[in-house]
$ cat coords13.cif   # mmCIF, C-alpha atoms
data_upload
loop_
_atom_site.label_atom_id
_atom_site.label_comp_id
_atom_site.auth_asym_id
_atom_site.auth_seq_id
_atom_site.Cartn_x
_atom_site.Cartn_y
_atom_site.Cartn_z
CA MET A 1 176.42 174.73 -47.01
CA SER A 2 179.74 173.34 -45.90
CA ARG A 3 180.00 169.83 -44.61
CA VAL A 4 180.14 169.47 -40.83
CA LYS A 5 183.60 168.50 -39.69
CA ASN A 6 183.99 164.95 -38.31
CA GLU A 7 180.69 163.87 -39.86
CA ASN A 8 180.92 160.30 -41.10
CA ARG A 9 181.21 160.19 -44.85
CA PRO A 10 178.80 157.86 -46.58
CA ARG A 11 180.48 154.63 -47.67
CA PRO A 12 179.45 152.60 -50.70
CA GLU A 13 177.90 149.23 -49.95
CA GLU A 14 180.55 146.56 -49.67
CA ALA A 15 180.22 143.49 -51.82
CA GLU A 16 178.67 140.60 -49.95
CA ARG A 17 181.30 138.34 -48.45
CA LEU A 18 180.52 134.75 -49.20
CA LEU A 19 180.92 132.18 -46.45
CA TYR A 20 181.80 128.51 -46.71
CA THR A 21 178.72 126.32 -46.57
CA THR A 22 178.40 123.34 -44.24
CA ALA A 23 178.91 120.97 -47.19
CA GLN A 24 182.04 122.84 -48.28
CA ILE A 25 183.44 122.82 -44.75
CA GLN A 26 182.89 119.08 -44.53
CA ARG A 27 184.76 118.57 -47.79
CA LEU A 28 187.65 120.69 -46.57
CA VAL A 29 187.89 118.83 -43.26
CA GLN A 30 187.64 115.42 -44.90
CA GLY A 31 190.16 116.24 -47.63
CA ALA A 32 192.76 117.92 -45.42
CA ARG A 33 195.88 116.28 -44.06
CA LEU A 34 196.26 116.10 -40.30
CA GLN A 35 197.84 119.49 -39.57
CA MET A 36 195.63 121.42 -41.97
CA ARG A 37 192.55 119.64 -40.62
CA MET A 38 193.53 120.80 -37.13
CA MET A 39 193.99 124.35 -38.40
CA ILE A 40 190.56 124.39 -40.02
CA LEU A 41 188.87 123.05 -36.90
CA LEU A 42 190.57 125.68 -34.74
CA GLY A 43 189.51 128.36 -37.22
CA LEU A 44 185.90 127.29 -36.81
CA ASN A 45 185.93 126.20 -33.17
CA CYS A 46 187.84 129.19 -31.79
CA GLY A 47 187.80 131.76 -34.59
CA PHE A 48 191.58 131.48 -34.99
CA GLY A 49 193.24 133.15 -37.96
CA PRO A 50 196.62 132.25 -39.53
CA LYS A 51 198.56 134.46 -37.09
CA ASP A 52 196.93 132.70 -34.12
CA LEU A 53 197.94 129.34 -35.52
CA GLN A 54 201.48 130.59 -36.11
CA ASP A 55 201.69 131.65 -32.45
CA LEU A 56 200.11 128.48 -31.06
CA THR A 57 202.19 126.18 -28.83
CA TRP A 58 201.40 122.98 -26.96
CA GLU A 59 201.46 124.94 -23.70
CA HIS A 60 198.36 126.85 -24.78
CA PHE A 61 196.32 123.65 -24.47
CA GLN A 62 195.06 122.44 -21.10
CA GLY A 63 192.75 119.43 -21.19
CA GLU A 64 189.68 120.31 -23.26
CA HIS A 65 190.53 124.01 -23.47
CA VAL A 66 192.93 126.28 -25.31
CA THR A 67 193.88 129.75 -24.08
CA LEU A 68 195.41 132.27 -26.46
CA SER A 69 195.87 136.03 -26.63
CA ARG A 70 195.15 137.66 -29.96
CA SER A 71 198.30 139.46 -31.07
CA LYS A 72 196.32 142.26 -32.75
CA THR A 73 194.28 143.25 -29.70
CA GLY A 74 196.07 141.60 -26.79
CA VAL A 75 192.75 140.13 -25.64
CA ARG A 76 193.17 136.74 -24.00
CA GLN A 77 190.40 134.14 -24.11
CA THR A 78 189.93 130.49 -23.18
CA PHE A 79 187.98 128.29 -25.59
CA LEU A 80 186.32 124.92 -25.05
CA LEU A 81 187.38 122.48 -27.74
CA TRP A 82 184.79 120.52 -29.69
CA PRO A 83 185.18 116.72 -29.46
CA GLN A 84 186.30 116.72 -33.14
CA THR A 85 188.95 119.33 -32.37
CA LYS A 86 190.19 117.57 -29.23
CA ASN A 87 190.39 114.20 -31.00
CA THR A 88 192.35 115.72 -33.88
CA LEU A 89 194.67 117.45 -31.41
CA ASP A 90 195.36 114.13 -29.67
CA GLU A 91 195.97 112.48 -33.04
CA LEU A 92 198.41 115.24 -34.03
CA ARG A 93 200.25 115.09 -30.72
CA THR A 94 200.61 111.30 -30.94
CA ALA A 95 201.86 111.47 -34.53
CA ARG A 96 204.42 114.15 -33.58
CA VAL A 97 205.80 112.09 -30.68
CA LYS A 98 206.13 109.01 -32.88
CA LEU A 99 207.83 110.97 -35.66
CA VAL A 100 210.36 112.57 -33.29
CA ALA A 101 211.14 109.16 -31.75
CA ARG A 102 211.52 107.54 -35.18
CA LEU A 103 213.89 110.24 -36.41
CA ALA A 104 215.94 110.03 -33.21
CA LYS A 105 216.48 106.32 -33.78
CA ARG A 106 217.79 107.12 -37.26
CA GLY A 107 220.29 109.59 -35.84
CA ARG A 108 218.29 112.60 -37.03
CA PRO A 109 217.05 114.25 -33.83
CA ARG A 110 214.38 116.87 -34.36
CA SER A 111 212.38 119.16 -32.08
CA ASP A 112 209.26 121.23 -32.76
CA GLY A 113 210.36 123.79 -30.14
CA GLY A 114 206.90 123.61 -28.62
CA HIS A 115 205.14 124.69 -31.81
CA VAL A 116 201.96 122.82 -32.72
CA PHE A 117 202.28 123.25 -36.48
CA MET A 118 205.55 122.36 -38.20
CA THR A 119 206.48 122.09 -41.89
CA LYS A 120 208.29 119.09 -43.33
CA TYR A 121 211.48 121.14 -42.98
CA TRP A 122 210.89 121.39 -39.22
CA ARG A 123 210.09 125.05 -39.26
CA PRO A 124 206.97 126.57 -37.70
CA TRP A 125 204.20 127.26 -40.19
CA CYS A 126 204.03 131.00 -40.87
CA LYS A 127 200.72 132.69 -41.61
CA ASP A 128 201.51 132.99 -45.34
CA ALA A 129 202.28 129.28 -45.59
CA ILE A 130 199.01 128.49 -43.83
CA SER A 131 197.07 130.63 -46.30
CA LEU A 132 198.85 129.00 -49.24
CA GLY A 133 198.29 125.49 -47.91
CA PHE A 134 194.60 126.20 -47.43
CA ARG A 135 194.29 127.61 -50.95
CA GLN A 136 195.86 124.43 -52.35
CA LEU A 137 193.43 122.33 -50.33
CA CYS A 138 190.47 124.26 -51.75
CA VAL A 139 191.66 123.48 -55.29
CA LYS A 140 192.19 119.83 -54.37
CA VAL A 141 188.67 119.29 -53.00
CA GLY A 142 186.89 121.60 -55.47
CA VAL A 143 185.78 124.29 -53.02
CA PRO A 144 185.90 127.99 -53.97
CA CYS A 145 188.63 129.67 -51.94
CA TYR A 146 187.70 132.81 -50.02
CA GLY A 147 190.86 132.52 -47.93
CA PHE A 148 191.59 130.81 -44.62
CA TYR A 149 190.63 133.95 -42.71
CA ARG A 150 187.05 133.58 -43.94
CA LEU A 151 186.72 130.64 -41.53
CA ARG A 152 186.89 133.25 -38.77
CA HIS A 153 183.95 135.02 -40.38
CA CYS A 154 182.07 131.71 -40.49
CA ALA A 155 182.73 131.18 -36.79
CA SER A 156 181.58 134.71 -35.93
CA THR A 157 178.40 134.37 -37.96
CA ALA A 158 177.53 131.02 -36.37
CA MET A 159 178.20 132.41 -32.90
CA ALA A 160 175.92 135.39 -33.59
CA SER A 161 173.01 133.03 -34.24
CA VAL A 162 173.42 130.98 -31.05
CA ALA A 163 174.84 133.34 -28.39
CA MET A 164 173.83 136.51 -26.59
CA PRO A 165 175.37 139.69 -28.09
CA HIS A 166 177.85 140.17 -25.23
CA VAL A 167 179.33 136.67 -25.76
CA GLN A 168 180.45 137.24 -29.33
CA PRO A 169 183.06 139.98 -28.70
CA LYS A 170 184.71 137.74 -26.08
CA PHE A 171 184.74 134.81 -28.48
CA MET A 172 186.25 136.95 -31.24
CA ARG A 173 188.68 138.69 -28.83
CA HIS A 174 187.59 142.10 -30.05
CA THR A 175 187.98 145.33 -28.11
CA GLN A 176 185.09 147.14 -29.83
CA VAL A 177 181.57 145.85 -30.39
CA GLN A 178 181.45 147.62 -33.78
CA GLN A 179 183.95 145.11 -35.14
CA GLN A 180 181.23 142.46 -35.08
CA VAL A 181 179.59 144.10 -38.09
CA THR A 182 182.64 143.28 -40.20
CA TYR A 183 182.83 139.65 -39.17
CA THR A 184 179.15 138.70 -39.04
CA HIS A 185 177.15 137.97 -42.19
CA LEU A 186 173.56 136.99 -41.48
CA ALA A 187 171.17 136.23 -44.31
CA ASP A 188 167.89 138.17 -44.54
CA ALA A 189 166.01 134.93 -43.88
CA GLU A 190 167.68 134.65 -40.47
CA VAL A 191 166.64 138.21 -39.65
CA ASP A 192 163.07 137.34 -40.68
CA GLU A 193 163.12 134.29 -38.42
CA ALA A 194 164.38 136.40 -35.52
CA ILE A 195 161.60 138.93 -36.11
CA GLN A 196 159.02 136.14 -35.91
CA LYS A 197 160.55 134.84 -32.68
CA ALA A 198 160.44 138.36 -31.25
CA ARG A 199 156.74 138.61 -32.18
CA VAL A 200 155.97 135.48 -30.20
CA LYS A 201 158.00 136.74 -27.25
CA LEU A 202 156.27 140.13 -27.26
CA LEU A 203 152.71 139.25 -28.26
CA GLY A 204 152.39 135.66 -27.15
CA ASP A 205 152.47 132.32 -28.91
CA ALA A 206 148.78 132.27 -29.89
CA THR A 207 148.76 135.72 -31.47
CA GLU A 208 148.78 135.62 -35.26
CA ALA A 209 149.49 138.46 -37.63
CA GLY A 210 146.49 140.78 -37.79
CA GLN A 211 144.72 139.06 -34.88
CA LYS A 212 143.72 141.17 -31.90
CA ASN A 213 144.89 140.07 -28.54
CA PRO A 214 142.46 139.86 -25.61
CA GLU A 215 143.43 143.29 -24.24
CA GLN A 216 142.71 144.90 -27.62
CA GLU A 217 139.29 143.23 -27.76
CA ASP A 218 138.41 144.44 -24.24
CA ALA A 219 139.40 147.96 -25.18
CA ALA A 220 137.11 147.80 -28.21
#
$ encode --input "coords13.cif" --output "structure tokens"
Amino acid sequence: MSRVKNENRPRPEEAERLLYTTAQIQRLVQGARLQMRMMILLGLNCGFGPKDLQDLTWEHFQGEHVTLSRSKTGVRQTFLLWPQTKNTLDELRTARVKLVARLAKRGRPRSDGGHVFMTKYWRPWCKDAISLGFRQLCVKVGVPCYGFYRLRHCASTAMASVAMPHVQPKFMRHTQVQQQVTYTHLADAEVDEAIQKARVKLLGDATEAGQKNPEQEDAA
């Protein structure tokens, strides 16, 4: 029998994508220099990838929020910054202003052109340079490197465990809900915990496994 046209072909199971643990993330943040620390925090706080960081300018920030369109999908979203992210942003902005003023006094005027992340050669960080800098940081602090982009997966997975399903696509700036499957990696234990919570919600807090509820006993 011939195969039905347009039927989805079975795909082999993909290898499990490892995520950075909380301890590893802490080591990365603590061991990173100012700009890379800001990049990591934005990767986790807002799900930003290297291209987002390359596109980021000071104008995208307003108070405790940052608004950015994802170049891949064109979806625009505003994100609330964590206190750690906002404090690091303020630290980076202050350091930049002082550096520009110091260089101007030495007769070496420089401008970041509005870009948040600049190399020592006063060029905007490109996405490849961001990935390389992150890889070097991983080696420095002794953390296995799964790539900077994996921070976006970490952010998506964390969001899946704390938010309603319709919130996550907005956070990730996706156009299709199916994309969440690629970016979200929940352990079986978390699924088990969710199943238990659903049992309580459906059967009641006092109902234990194998125990009849009052309605079942009346029916008997």
$ residues_around --input "coords13.cif" --residues "region 19-29 of chain A" --least-positions-apart "4" --cutoff "9 Å" --atoms "all atoms listed in the file" --output "number ranges by chain"
A: 33, 36-38, 40-41, 134, 137-138, 141-146, 150-151, 153-154, 185
$ closest_residue --input "coords13.cif" --among "A:His115, A:Lys105, A:Lys140, A:Arg110" --to "Leu92 (chain A)" --atoms "only C-alpha atoms"
A:His115
$ closest_residue --input "coords13.cif" --among "A:Gln136, A:Met159, A:His174, A:Ser69" --to "Asp52 (chain A)" --atoms "all atoms listed in the file"
A:Ser69
$ closest_residue --input "coords13.cif" --among "A:Phe171, A:Phe148, A:Trp82, A:Trp125" --to "Asn45 (chain A)" --atoms "all atoms listed in the file"
A:Trp82
$ resolve_selection --input "coords13.cif" --expression "the PyMOL selection byres ((chain A and resi 56) around 12)" --output "MDAnalysis selection string"
chainID A and resid 38:39 42 48:55 57:61 66:71 112:118 124:127
$ atom_distance --input "coords13.cif" --atom1 "CA of Ala155 (chain A)" --atom2 "CA of Gly47 (chain A)"
5.6 Å
$ atom_distance --input "coords13.cif" --atom1 "CA of Ala104 (chain A)" --atom2 "CA of Leu89 (chain A)"
22.6 Å
$ residues_near_point --input "coords13.cif" --point "(203.4, 112.1, -38.2)" --cutoff "12 Å" --atoms "all atoms listed in the file" --output "PyMOL selection string"
chain A and resi 33-35+90-103+117-120+122
$ atom_distance --input "coords13.cif" --atom1 "CA of His65 (chain A)" --atom2 "CA of Leu80 (chain A)"
4.6 Å
$ build_atoms --input "coords13.cif" --residues "region 134-150 of chain A" --atoms "N, CA and C atoms" --output "mmCIF file, in the frame of the given file"
data_model
loop_
_atom_site.group_PDB
_atom_site.id
_atom_site.type_symbol
_atom_site.label_atom_id
_atom_site.label_comp_id
_atom_site.auth_asym_id
_atom_site.auth_seq_id
_atom_site.Cartn_x
_atom_site.Cartn_y
_atom_site.Cartn_z
ATOM 1 N N PHE A 134 196.058 126.264 -47.396
ATOM 2 C CA PHE A 134 194.600 126.200 -47.430
ATOM 3 C C PHE A 134 194.082 126.420 -48.844
ATOM 4 N N ARG A 135 194.701 127.354 -49.566
ATOM 5 C CA ARG A 135 194.290 127.610 -50.950
ATOM 6 C C ARG A 135 194.492 126.360 -51.807
ATOM 7 N N GLN A 136 195.586 125.667 -51.600
ATOM 8 C CA GLN A 136 195.860 124.430 -52.350
ATOM 9 C C GLN A 136 194.841 123.349 -52.002
ATOM 10 N N LEU A 137 194.443 123.300 -50.747
ATOM 11 C CA LEU A 137 193.430 122.330 -50.330
ATOM 12 C C LEU A 137 192.098 122.615 -51.021
ATOM 13 N N CYS A 138 191.726 123.887 -51.101
ATOM 14 C CA CYS A 138 190.470 124.260 -51.750
ATOM 15 C C CYS A 138 190.449 123.771 -53.201
ATOM 16 N N VAL A 139 191.564 123.944 -53.899
ATOM 17 C CA VAL A 139 191.660 123.480 -55.290
ATOM 18 C C VAL A 139 191.537 121.953 -55.326
ATOM 19 N N LYS A 140 192.188 121.290 -54.412
ATOM 20 C CA LYS A 140 192.190 119.830 -54.370
ATOM 21 C C LYS A 140 190.790 119.252 -54.197
ATOM 22 N N VAL A 141 189.993 119.851 -53.299
ATOM 23 C CA VAL A 141 188.670 119.290 -53.000
ATOM 24 C C VAL A 141 187.549 119.973 -53.781
ATOM 25 N N GLY A 142 187.899 120.952 -54.630
ATOM 26 C CA GLY A 142 186.890 121.600 -55.470
ATOM 27 C C GLY A 142 185.979 122.553 -54.731
ATOM 28 N N VAL A 143 186.557 123.302 -53.783
ATOM 29 C CA VAL A 143 185.780 124.290 -53.020
ATOM 30 C C VAL A 143 186.301 125.680 -53.365
ATOM 31 N N PRO A 144 185.421 126.640 -53.684
ATOM 32 C CA PRO A 144 185.900 127.990 -53.970
ATOM 33 C C PRO A 144 186.658 128.554 -52.771
ATOM 34 N N CYS A 145 187.778 129.186 -53.025
ATOM 35 C CA CYS A 145 188.630 129.670 -51.940
ATOM 36 C C CYS A 145 188.367 131.143 -51.666
ATOM 37 N N TYR A 146 187.875 131.437 -50.471
ATOM 38 C CA TYR A 146 187.700 132.810 -50.020
ATOM 39 C C TYR A 146 188.801 133.194 -49.030
ATOM 40 N N GLY A 147 189.767 132.279 -48.861
ATOM 41 C CA GLY A 147 190.860 132.520 -47.930
ATOM 42 C C GLY A 147 190.620 131.827 -46.598
ATOM 43 N N PHE A 148 191.711 131.465 -45.929
ATOM 44 C CA PHE A 148 191.590 130.810 -44.620
ATOM 45 C C PHE A 148 190.891 131.708 -43.625
ATOM 46 N N TYR A 149 191.177 133.010 -43.691
ATOM 47 C CA TYR A 149 190.630 133.950 -42.710
ATOM 48 C C TYR A 149 189.101 133.982 -42.732
ATOM 49 N N ARG A 150 188.519 133.566 -43.854
ATOM 50 C CA ARG A 150 187.050 133.580 -43.940
ATOM 51 C C ARG A 150 186.434 132.556 -42.981
#
